[in-house]
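Colleague: One file is attached below, final-v5.txt, containing compact mmCIF, C-alpha atoms.
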# COMPACT_ATOMS: atom_id res chain seq x y z
CA MET A 1 -1.67 5.08 28.84
CA ASP A 2 -2.31 8.75 28.07
CA ASP A 3 0.51 10.87 29.52
CA GLY A 4 -1.67 14.00 29.38
CA THR A 5 0.17 15.68 26.50
CA LEU A 6 -1.11 16.06 22.96
CA GLY A 7 1.78 13.92 21.82
CA GLY A 8 0.68 11.21 24.22
CA ARG A 9 -2.92 11.51 23.06
CA PHE A 10 -1.88 11.02 19.45
CA LEU A 11 0.26 8.00 20.27
CA ASP A 12 -2.63 6.51 22.24
CA ALA A 13 -4.94 7.07 19.27
CA ALA A 14 -2.46 5.41 16.89
CA ILE A 15 -1.98 2.49 19.27
CA GLY A 16 -5.76 2.11 19.53
CA LEU A 17 -6.10 1.98 15.75
CA LEU A 18 -3.30 -0.55 15.47
CA ALA A 19 -4.97 -2.70 18.11
CA ARG A 20 -8.24 -2.57 16.16
CA VAL A 21 -6.47 -3.61 12.99
CA ARG A 22 -4.72 -6.44 14.84
CA ASP A 23 -7.99 -7.73 16.30
CA GLU A 24 -10.41 -7.06 13.44
CA GLU A 25 -8.27 -7.54 10.33
CA ALA A 26 -6.23 -10.57 11.38
CA GLU A 27 -7.90 -12.95 8.92
CA SER A 28 -7.59 -10.47 6.08
CA VAL A 29 -3.92 -9.79 6.84
CA THR A 30 -3.24 -13.53 6.80
CA ALA A 31 -5.14 -13.94 3.54
CA ALA A 32 -3.26 -11.02 1.98
CA GLY A 33 0.07 -12.50 3.06
CA GLU A 34 -0.88 -15.80 1.46
CA MET A 35 -1.81 -13.99 -1.77
CA VAL A 36 1.59 -12.32 -1.85
CA ALA A 37 3.31 -15.65 -1.18
CA ASP A 38 1.22 -17.37 -3.87
CA THR A 39 2.30 -14.71 -6.37
CA VAL A 40 5.98 -15.05 -5.52
CA ALA A 41 5.85 -18.85 -5.58
CA GLY A 42 3.96 -18.82 -8.88
CA GLY A 43 6.50 -16.62 -10.66
CA GLY A 44 4.41 -13.45 -10.54
CA ARG A 45 5.56 -9.95 -9.83
CA LEU A 46 4.53 -7.60 -7.01
CA PHE A 47 3.55 -3.94 -7.40
CA ALA A 48 2.27 -1.24 -5.05
CA PHE A 49 0.55 2.05 -5.82
CA GLY A 50 -0.65 4.97 -3.78
CA ALA A 51 -1.36 8.58 -4.73
CA GLY A 52 -0.34 11.59 -2.67
CA HIS A 53 0.35 10.68 0.94
CA SER A 54 -0.93 7.16 0.30
CA SER A 55 2.21 6.72 -1.78
CA LEU A 56 4.28 6.86 1.41
CA ALA A 57 3.02 3.46 2.49
CA ALA A 58 3.60 2.08 -1.01
CA GLN A 59 7.15 3.40 -1.11
CA ASP A 60 7.78 1.91 2.32
CA LEU A 61 7.52 -1.55 0.72
CA VAL A 62 9.99 -0.96 -2.11
CA TYR A 63 13.77 -1.60 -1.96
CA ARG A 64 13.47 -1.87 1.81
CA ALA A 65 15.84 -3.62 4.19
CA GLY A 66 13.89 -6.49 5.71
CA GLY A 67 11.35 -6.32 2.89
CA LEU A 68 10.62 -8.41 -0.17
CA ALA A 69 12.96 -7.53 -3.03
CA LEU A 70 10.21 -8.27 -5.56
CA MET A 71 7.95 -5.37 -4.54
CA ASN A 72 7.94 -2.67 -7.22
CA LEU A 73 6.45 0.82 -7.14
CA LEU A 74 3.82 1.48 -9.80
CA ALA A 75 4.30 5.15 -10.57
CA VAL A 76 1.67 7.50 -11.97
CA PRO A 77 3.47 10.67 -13.13
CA GLY A 78 2.47 13.62 -10.98
CA ALA A 79 0.48 11.52 -8.52
CA VAL A 80 3.10 9.60 -6.54
CA GLY A 81 4.31 11.58 -3.56
CA VAL A 82 4.04 15.30 -2.86
CA ASP A 83 7.07 16.48 -4.82
CA VAL A 84 4.94 17.54 -7.81
CA ARG A 85 4.47 21.29 -8.24
CA PRO A 86 1.99 22.61 -7.49
CA ALA A 87 1.14 20.03 -4.84
CA THR A 88 -2.55 20.41 -5.68
CA LEU A 89 -1.91 18.93 -9.14
CA GLY A 90 -1.50 15.49 -7.62
CA SER A 91 -4.93 15.72 -6.01
CA ALA A 92 -6.44 16.87 -9.28
CA LEU A 93 -4.90 13.96 -11.20
CA GLU A 94 -6.57 11.50 -8.83
CA ARG A 95 -9.91 12.64 -10.26
CA VAL A 96 -8.98 12.25 -13.94
CA ASP A 97 -10.78 9.47 -15.81
CA GLY A 98 -8.63 7.34 -18.08
CA LEU A 99 -5.30 8.01 -16.37
CA ALA A 100 -5.14 4.68 -14.55
CA THR A 101 -5.96 2.72 -17.69
CA ALA A 102 -3.22 4.49 -19.64
CA VAL A 103 -0.69 3.81 -16.88
CA LEU A 104 -1.57 0.12 -16.55
CA ASP A 105 -1.58 -0.46 -20.31
CA THR A 106 1.97 0.90 -20.57
CA SER A 107 3.25 -0.76 -17.38
CA PRO A 108 4.91 -4.18 -17.04
CA LEU A 109 1.92 -5.63 -15.14
CA ARG A 110 0.52 -8.83 -16.60
CA ALA A 111 -1.84 -11.64 -15.67
CA GLY A 112 -0.61 -13.49 -12.61
CA ASP A 113 0.90 -10.40 -10.96
CA LEU A 114 -0.36 -8.77 -7.77
CA LEU A 115 -1.05 -5.07 -7.24
CA VAL A 116 -1.50 -3.41 -3.85
CA ILE A 117 -3.57 -0.24 -4.21
CA ILE A 118 -3.54 2.17 -1.28
CA SER A 119 -6.16 4.89 -1.08
CA LEU A 120 -7.46 6.20 2.22
CA SER A 121 -10.82 7.32 0.86
CA GLY A 122 -10.98 4.97 -2.12
CA ARG A 123 -13.42 7.41 -3.72
CA ASN A 124 -11.38 9.00 -6.50
CA ALA A 125 -11.33 7.91 -10.13
CA LEU A 126 -7.66 6.90 -10.11
CA PRO A 127 -7.73 4.07 -7.52
CA VAL A 128 -11.17 2.82 -8.60
CA GLU A 129 -10.22 2.67 -12.27
CA MET A 130 -6.85 1.16 -11.45
CA ALA A 131 -8.47 -1.67 -9.52
CA THR A 132 -11.08 -2.41 -12.16
CA HIS A 133 -8.64 -2.36 -15.07
CA ALA A 134 -6.03 -4.39 -13.19
CA GLN A 135 -8.61 -7.10 -12.61
CA ASP A 136 -9.55 -6.99 -16.29
CA LEU A 137 -5.87 -7.70 -17.05
CA GLY A 138 -5.86 -10.74 -14.78
CA VAL A 139 -3.94 -9.02 -11.97
CA LYS A 140 -4.86 -9.78 -8.36
CA VAL A 141 -5.72 -6.64 -6.37
CA ILE A 142 -5.33 -6.00 -2.66
CA GLY A 143 -6.93 -2.72 -1.59
CA VAL A 144 -5.91 -0.86 1.55
CA THR A 145 -8.50 1.76 2.42
CA SER A 146 -10.80 3.12 5.10
CA VAL A 147 -14.12 1.40 4.50
CA ALA A 148 -15.88 4.15 6.47
CA TYR A 149 -15.52 6.51 3.51
CA ALA A 150 -17.83 4.34 1.43
CA THR A 151 -20.70 4.98 3.83
CA GLN A 152 -19.95 8.59 4.74
CA THR A 153 -18.86 10.13 1.41
CA THR A 154 -19.84 9.87 -2.25
CA SER A 155 -17.75 8.29 -4.98
CA ARG A 156 -15.97 10.52 -7.50
CA HIS A 157 -15.90 7.74 -10.09
CA SER A 158 -18.53 7.60 -12.80
CA SER A 159 -19.60 4.15 -11.61
CA GLY A 160 -20.48 5.45 -8.17
CA THR A 161 -18.28 2.77 -6.62
CA PHE A 162 -15.24 2.77 -4.34
CA LEU A 163 -11.88 1.02 -4.38
CA LYS A 164 -13.20 -1.57 -1.94
CA ASP A 165 -15.77 -2.71 -4.51
CA HIS A 166 -13.14 -3.86 -7.02
CA CYS A 167 -10.56 -5.79 -5.01
CA ASP A 168 -9.83 -9.46 -4.53
CA LEU A 169 -9.16 -8.61 -0.89
CA VAL A 170 -9.66 -5.46 1.19
CA LEU A 171 -7.70 -4.37 4.24
CA ASP A 172 -9.60 -1.79 6.31
CA SER A 173 -7.33 0.76 8.00
CA LYS A 174 -10.14 1.86 10.36
CA ILE A 175 -9.18 5.50 9.86
CA ALA A 176 -12.04 7.93 10.51
CA VAL A 177 -13.25 10.12 7.67
CA GLY A 178 -11.05 13.21 7.59
CA ASP A 179 -7.93 11.43 8.90
CA ALA A 180 -7.40 13.55 12.01
CA GLU A 181 -7.20 12.03 15.47
CA LEU A 182 -7.11 15.08 17.72
CA THR A 183 -9.25 18.11 18.50
CA LEU A 184 -8.65 21.08 20.78
CA ASP A 185 -10.96 23.93 21.76
CA THR A 186 -8.36 26.50 20.75
CA ILE A 187 -7.81 24.98 17.28
CA PRO A 188 -10.65 25.32 14.75
CA ALA A 189 -9.88 22.17 12.76
CA PRO A 190 -9.18 18.54 13.73
CA PHE A 191 -5.52 17.59 13.35
CA ALA A 192 -2.87 14.83 13.66
CA PRO A 193 -3.42 12.26 10.87
CA ALA A 194 -2.61 8.60 11.58
CA SER A 195 -3.28 6.95 8.23
CA THR A 196 0.38 6.64 7.24
CA VAL A 197 1.34 5.00 10.53
CA VAL A 198 -1.51 2.51 10.39
CA THR A 199 -1.35 1.73 6.68
CA SER A 200 2.39 1.11 6.76
CA ALA A 201 1.97 -1.19 9.75
CA ILE A 202 -0.79 -3.15 8.01
CA LEU A 203 1.33 -3.69 4.91
CA GLN A 204 4.44 -4.68 6.83
CA SER A 205 2.37 -7.24 8.72
CA VAL A 206 1.20 -8.61 5.35
CA MET A 207 4.78 -8.87 4.10
CA ALA A 208 5.88 -10.60 7.31
CA THR A 209 3.07 -13.11 6.82
CA ALA A 210 4.12 -13.65 3.22
CA ALA A 211 7.75 -14.28 4.18
CA ALA A 212 6.73 -16.88 6.77
CA SER A 213 4.36 -18.53 4.29
CA LEU A 214 7.11 -18.84 1.69
CA ALA A 215 9.46 -20.37 4.25
CA ASP A 216 6.77 -22.87 5.23
CA ARG A 217 6.63 -23.94 1.57
CA GLY A 218 10.37 -24.50 1.48
CA ILE A 219 11.01 -21.31 -0.51
CA GLU A 220 13.60 -18.85 0.76
CA PRO A 221 11.82 -15.48 0.92
CA PRO A 222 13.60 -13.00 -1.40
CA LEU A 223 14.34 -10.53 1.38
CA LEU A 224 16.72 -7.59 1.28
CA ARG A 225 19.17 -6.84 4.06
CA SER A 226 20.42 -3.48 5.21
CA GLY A 227 23.33 -2.22 3.16
CA ASN A 228 24.70 -0.76 6.38
CA VAL A 229 25.49 -4.11 8.00
CA ASP A 230 28.47 -6.24 7.08
CA GLY A 231 27.62 -8.58 4.21
CA GLY A 232 24.36 -6.81 3.43
CA LEU A 233 25.35 -5.55 -0.01
CA ASP A 234 26.65 -8.95 -1.09
CA TRP A 235 23.43 -10.55 0.10
CA ASN A 236 21.33 -8.05 -1.83
CA ASP A 237 23.42 -8.51 -4.98
CA ARG A 238 22.70 -12.23 -4.87
CA VAL A 239 18.95 -11.74 -4.39
CA MET A 240 18.79 -9.17 -7.18
CA ARG A 241 20.67 -11.42 -9.59
CA GLU A 242 18.39 -14.34 -8.80
CA TYR A 243 15.17 -12.34 -9.17
CA GLY A 244 16.34 -9.63 -11.55
CA ASP A 245 13.64 -10.38 -14.13
CA ARG A 246 10.97 -9.53 -11.54
CA ILE A 247 12.58 -6.37 -10.11
CA PHE A 248 11.82 -3.25 -12.12
CA TYR A 249 13.29 -0.53 -9.87
CA LEU A 250 16.77 -1.58 -11.03
CA ARG A 251 16.08 -0.67 -14.66
Now, as a test, write the supplied structure out as C-alpha cells.
Modeller:
Amino acid sequence: MDDGTLGGRFLDAAIGLLARVRDEEAESVTAAGEMVADTVAGGGRLFAFGAGHSSLAAQDLVYRAGGLALMNLLAVPGAVGVDVRPATLGSALERVDGLATAVLDTSPLRAGDLLVIISLSGRNALPVEMATHAQDLGVKVIGVTSVAYATQTTSRHSSGTFLKDHCDLVLDSKIAVGDAELTLDTIPAPFAPASTVVTSAILQSVMATAAASLADRGIEPPLLRSGNVDGGLDWNDRVMREYGDRIFYLR
C-alpha cells in the first residue's frame, strides 16, 4: 500500500512490476529454468552478458552465494558496467557493428552452452548481434528485455530487428520505455528506474527454478554458499574443484 511518500510510490511501482512478471511470465521463467538445468545436466557452460546498467543483473548471477557456480560473466571490454571512462563510451560501444562477433569468436562459448543476454531496450547493435551470432555458434540464448521497446522505438541494428527476435526464449521485464517509474510536477523529467530490481528478480527466479529442476533429476545443483558462514569456503572449494572446467572466472 502506498505510504504517501515518493519512496513508497517507487516501492509500490516495483512491487507492481514484480507481480506482473510473476503472473504473466511464469511459464517463460519455468521454461528458462529448465533450459539452464538442461545445459548443466548436459555438460554445457553458462554465461551472462549485459551492457551498461544491464550488466548489473548479469553480474548478480556470477560467483554469488546461493547461486549457480557455473554462471560466468561474458565481458565486452568497455561495455560491462559503468566504470569505463568516459561513461558515455560504453553507450557508444553498444552501437558498434562487429563488436559482438569479435567478442564471441574469441570467447570460450561453444555449441551446447547457454548465454543470457540482458538488454532493456534490445535495440542496439551489440545485443542483437550477440544473439544472432551466438545462435549461429549453436549456443542457446535467453533474452531478458522490455518487449515494449520493440513497438515504441526503432532498432539501431542494420537488420531492423531487436534482441527479442533472435532468442530461443524471451523474458519480458515489463519495464516502460524510458525506465522511470515516477513523475512530479516540480521535476521536469521522469525518474526512479526499476529495471535493475525487476531484471535481477526475474533471473534469480530462473536460477531457483533451475536448481529445483536439477534436484528433481537427481543432480546436486552446483550452488555456492556464503564465504561468511562456517563451512562455506570449504563447500565452495569442493564445488569449484568438481566443476572447475566449466568455471571461467577462476582463471
Colleague: So what do you get for atom CA of A:Glu94 versus atom CA of A:Gly52, distance-wise?
Modeller: 8.8 Å
Colleague: One number please: atom CA of A:Leu250 to atom CA of A:Val36, in Å, one decimal.
Modeller: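 Separation of atom CA of A:Leu250 and atom CA of A:Val36: 20.7 Å.
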Colleague: Please produce, as CSV, a per-residue contact table for stretch 219-239 of chain A versus stretch 56-72 of chain A (criterion: any atom at most 6 Å away, all atoms listed in the file considered), showing the nearest atom pair and its distance in Å to one decimal, sorted by chain then residue number.
Modeller:
residue,atom,partner,partner_atom,distance
A:Pro222,CA,A:Leu68,CA,5.6
A:Leu223,CA,A:Leu68,CA,4.6
A:Leu224,CA,A:Ala65,CA,5.0
A:Arg225,CA,A:Ala65,CA,4.6
A:Ser226,CA,A:Ala65,CA,4.7
Colleague: How many Å lie between atom CA of A:Lys174 and atom CA of A:Ser121, rounded to one decimal?
Modeller: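 Taking atom CA of A:Lys174 and atom CA of A:Ser121, their separation equals 11.0 Å.
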Colleague: Report as a PyMOL selection string all protein, DNA and RNA residues lying within 12 Å of A:Ala134, evaluated on all atoms listed in the file, omitting residues in the same chain fewer than 4 positions from it.
Modeller: chain A and resi 47+49+74+100-105+107-117+126-130+138-143+163+166-168
Colleague: So, counting only C-alpha atoms, which residue among A:Asp245, A:Arg217, A:Gly232, A:Glu181 is closest to A:Gly7?
Modeller: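 Among the listed residues, the smallest separation from A:Gly7 belongs to A:Glu181.
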Colleague: With distances taken over only C-alpha atoms, which residue among A:Val76, A:Met240, A:Leu182, A:Ile118 lies nearest A:Asp12?
Modeller: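 Counting only C-alpha atoms, the residue closest to A:Asp12 is A:Leu182.
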Colleague: Nearest to A:Val96: which of A:Ile187, A:Ile247, A:Ala125, A:Ala211 is it, counting all atoms listed in the file?
Modeller: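 Selected residue with least distance to A:Val96: A:Ala125.
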Colleague: List as a PyMOL selection string the protein and nucleic acid residues near A:Thr153, meaning an atom at most 12 Å away when only C-alpha atoms are counted, but skip any in the same chain fewer than 3 places from it.
Modeller: chain A and resi 121-124+146-150+156+160-162+176-178
Colleague: Take every atom of stretch 92-95 of chain A listed in the file, fit an axis-aligned box around them, add 5 Å per side, and give the centre and edge lengths in Å to one decimal as AutoDock Vina command-line options.
Modeller:
--center_x -7.4 --center_y 14.2 --center_z -10.0 --size_x 15.0 --size_y 15.4 --size_z 12.4
Colleague: Identify, on the basis of all atoms listed in the file, every residue whose closest approach to stretch 77-82 of chain A does not exceed 6 Å; exclude the query and any residue fewer than 5 positions from it along the same chain; express the result as number ranges by chain.
Modeller: A: 51-52, 55, 87, 90
Colleague: With C-alpha atoms kept, could you save the residues just selected as a CSV table (one decimal), in the coordinates of the input?
Modeller:
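The new file selection-v5.csv reads:
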chain,number,residue,atom,x,y,z
A,51,ALA,CA,-1.4,8.6,-4.7
A,52,GLY,CA,-0.3,11.6,-2.7
A,55,SER,CA,2.2,6.7,-1.8
A,87,ALA,CA,1.1,20.0,-4.8
A,90,GLY,CA,-1.5,15.5,-7.6
Colleague: Leaving out A:Leu17 and any residue of its chain fewer than 6 positions from it, which residues lie within 9 Å of it when counting only C-alpha atoms, given as a VMD selection string?
Modeller: chain A and resid 173 to 175 194 198
Colleague: Which one of A:Thr196, A:Thr88, A:Thr186, A:Ser213 sits closest to A:Asp38 if you count all atoms listed in the file?
Modeller: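 For A:Asp38, the nearest of the given residues is A:Ser213.
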Colleague: Find the spatial neighbours of A:Ser28, counting only C-alpha atoms, within a cut-off of 12 Å - ignore same-chain residues fewer than 3 positions away - and output them as a ChimeraX atom specification.
Modeller: /A:21-25,31-35,142-144,168-173,202-203,205-206,209
Colleague: Go through A:Asp185, A:Asp179, A:Asp234, A:Asp136 one by one, measure the shortest atom-to-atom distance of each to A:Ala13 using all atoms listed in the file, and give the residue with the smallest value.
Modeller: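 Smallest distance to A:Ala13 is found for A:Asp179.
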Colleague: Have a look at A:Leu6, A:Ala14, A:Ala19, A:Leu46 and name the one nearest to A:Met207; count only C-alpha atoms.
Modeller: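 Closest residue, counting only C-alpha atoms: A:Leu46.
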